[in-house]
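A quick write-up on the structure given underneath.
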Amino acid sequence: MGTENIHIIPISEWLGIDAKPIIIAGPCSAESEAQILQEAEILANTGKVHLMRAGIWKPRTRPNTFEGMGAKALPWLRKAQEQFGIKWMVEVANEEHVKLALDSGIEVVWVGARTTVNPFSVQEIANALEGKDIPVFVKNPLNPDLELWIGAIERFSKAGLNKLVAIHRGFNTYQDHVFRNSPNWEIPIELKTKLPQLDIIVDPSHIAGKRDLLHEVSQKVLDLAFDGLMIEVHPNPDDALSDPKQQIALSNFDGFLNELENRKTHFVDAVSIDKLQRLRSLIDEIDYNLLENLKRRIDIVEEIGHYKAESGVTVFQLDRWIEIIEDRLKYAQDQGLDQSLIKEMWTLIHNASIKRQTEIVNKNLSERDTFDA
Ligand code: PEP
Ligand code: MN
């Protein structure tokens, strides 16, 4: 099954919201009924939150740490849902979680990064959800493996679920000293390229790992035109039972959202569209010229290849390569072009020329051998 067979209904349709970014907020973990009700009330009152999140089964790295309130938190979420009219989503990691959550009126679930890495667990959850009309948010796996992420989405799709959303929460890398989880933006961007109909929500809390970085990462999410944000919010972050450093204070959340600048993803007025169109047709023209010149260059390279073959001269000529690269870099510098880009481009072009000429010389040799024999 290729990605073209994954049928996805976008969030806008099933949540009835056309606005972007989609905002998901709530505590890392549900800790008490009072906390859940307080968060639901304040976040609902901002009028900017579309879904709420809370972990009740927490996958912790080490045992003997807070592992979540478990099923006893489910009635708190249901109560908050009924009182404030916003759906709560929880993390499910096995069949039992799915059953307990759905029986308690939870209508949206997410799969955590530690679960996405394991196809057995993903399949178990997909089987438990089969035949149910439940939206599933799939976090990326811990390791930067796009195939594994897509594989998890595919398993839910094959189980007949089509309200599917991806959550980018960054990747575990040993080396990153800035982020708790490296963003590797190229991976979610490639996911979007492969599955354009899939909404991608970014979780800046788990990428940043600390409050100070939240604004910067969230703004980047909007600048890159991802579909939404999932942010951990807590009434007293410093006292939170999990992820205290990265949660934002409930009282600061509205201000935090207001400080983000939601840039347009497209030009809207006719004058800008017109100008963009004209500039793009210039780019098209230049690209055609580049391609035509590349073809002329290859033709000449081939001609020289035949000449070298007939004269028994080596394909690679060090002096000529040094002359080319020095000359082109100097010419590029005079034009104000980036030297490293030009070096990279001409190394590619030269390698391709050498490859083409080697083919020509080898063909000439084998023809000569046949003739001699
Ligand atoms: C969470 O959302 O609280 C969580 C545990 O996240 P992740 O699976 O991304 O680590
Ligand atoms: Mn967390």
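Ordering of the structure tokens sets the chain letters (A, B, ...); residue numbers start at 1 within each chain; ligands are numbered from 1 in the order shown.
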Residues near His7 in chain A, anyone? I mean within 8 Å using only C-alpha atoms, not counting same-chain ones fewer than 3 positions away, as a PyMOL selection string. chain A and resi 4+157+162
Within 7 Å of Gln357 in chain A using only C-alpha atoms, minus same-chain residues under 6 positions, as an MDAnalysis selection string: chainID A and resid 302 305 315
Run DSSP on the backbone and give me the residues of range 106-198 of chain A it puts in helix (DSSP H, G or I), as a PyMOL selection string. chain A and resi 113-116+119-129+146-158+186-194
Any idea what's packed within 9 Å of Glu190 in chain A, counting only C-alpha atoms, ignoring anything in its chain fewer than 5 positions away? Could you give it as JSON, numbers by chain? {"A": [146, 185, 195]}
Measuring between only C-alpha atoms and all ligand atoms, which one of A:Gly85, A:Gly47, A:Pro204, A:Pro75 shows the shortest distance to ligand 1? A:Pro204
May I have a table of the residues of chain A lying at most 7 Å from ligand 1, giving each one's closest pair of atoms and their distance in Å to one decimal, counting only C-alpha atoms and all ligand atoms, ordered by chain and ascending residue number, as JSON lines?
{"residue": "A:Cys28", "atom": "CA", "partner": "ligand 1", "partner_atom_place_in_ligand_line": "3 (O)", "distance": 4.7}
{"residue": "A:Ser29", "atom": "CA", "partner": "ligand 1", "partner_atom_place_in_ligand_line": "3 (O)", "distance": 6.8}
{"residue": "A:Gly55", "atom": "CA", "partner": "ligand 1", "partner_atom_place_in_ligand_line": "3 (O)", "distance": 5.8}
{"residue": "A:Lys58", "atom": "CA", "partner": "ligand 1", "partner_atom_place_in_ligand_line": "5 (C)", "distance": 6.2}
{"residue": "A:Pro59", "atom": "CA", "partner": "ligand 1", "partner_atom_place_in_ligand_line": "5 (C)", "distance": 6.2}
{"residue": "A:Gly112", "atom": "CA", "partner": "ligand 1", "partner_atom_place_in_ligand_line": "8 (O)", "distance": 3.4}
{"residue": "A:Ala113", "atom": "CA", "partner": "ligand 1", "partner_atom_place_in_ligand_line": "8 (O)", "distance": 3.9}
{"residue": "A:Arg114", "atom": "CA", "partner": "ligand 1", "partner_atom_place_in_ligand_line": "8 (O)", "distance": 5.7}
{"residue": "A:Lys139", "atom": "CA", "partner": "ligand 1", "partner_atom_place_in_ligand_line": "9 (O)", "distance": 6.2}
{"residue": "A:Arg169", "atom": "CA", "partner": "ligand 1", "partner_atom_place_in_ligand_line": "9 (O)", "distance": 5.2}
{"residue": "A:His206", "atom": "CA", "partner": "ligand 1", "partner_atom_place_in_ligand_line": "9 (O)", "distance": 6.1}
Need to verify the contact set: range 102-106 of chain A, 10 Å, only C-alpha atoms, exclusion of same-chain residues closer than 3 positions in sequence. Can you return it as a list in words?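 My list of contacting residues is Ala71, Ala73, Leu74, Pro75, Trp76, Leu77, Arg78, Lys79, Gln81, Glu82, Lys87, Trp88, Met89, Val90, Glu96, His97, Val98, Lys99, Val109, Leu129, Lys132 and Ile134 of chain A.
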Rank nothing, just name the residue among A:Ile17, A:Ala80, A:Leu290, A:Leu222 nearest to Ser32 in chain A, using only C-alpha atoms.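 Closest residue, counting only C-alpha atoms: A:Ala80.
Using only C-alpha atoms and all ligand atoms, the shortest contact distance between ligand 2 and any of A:Ile324, A:Ile125, A:Ile231, A:Ile189 is found at A:Ile231.
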Skip range 174-179 of chain A itself and residues of its chain fewer than 6 positions away, then list as a ChimeraX atom specification all residues within 12 Å of it, counting only C-alpha atoms. /A:142-143,204-214,216-217,246
Skipping near chain neighbours, those fewer than 3 positions away, what residues fall within 9 Å of Ala30 in chain A using only C-alpha atoms, listed as JSON, numbers by chain? {"A": [26, 27, 33, 35, 36, 53, 54, 55, 56, 68, 69, 70, 73, 76, 77]}
Which polymer residues have any atom within 9 Å of an atom of Ala240 in chain A, counting only C-alpha atoms, with same-chain residues fewer than 3 positions away left out, as a ChimeraX atom specification? /A:27-29,31,234-237,243-245,247
Taken to one decimal, the CA of Asp269 in chain A-CA of Thr193 in chain A distance is 26.4 Å
Residue with the minimum atom-to-atom distance to Asn45 in chain A, picked from A:Glu285, A:Glu326, A:Asp254, A:Asp299 with only C-alpha atoms counted, is A:Asp254
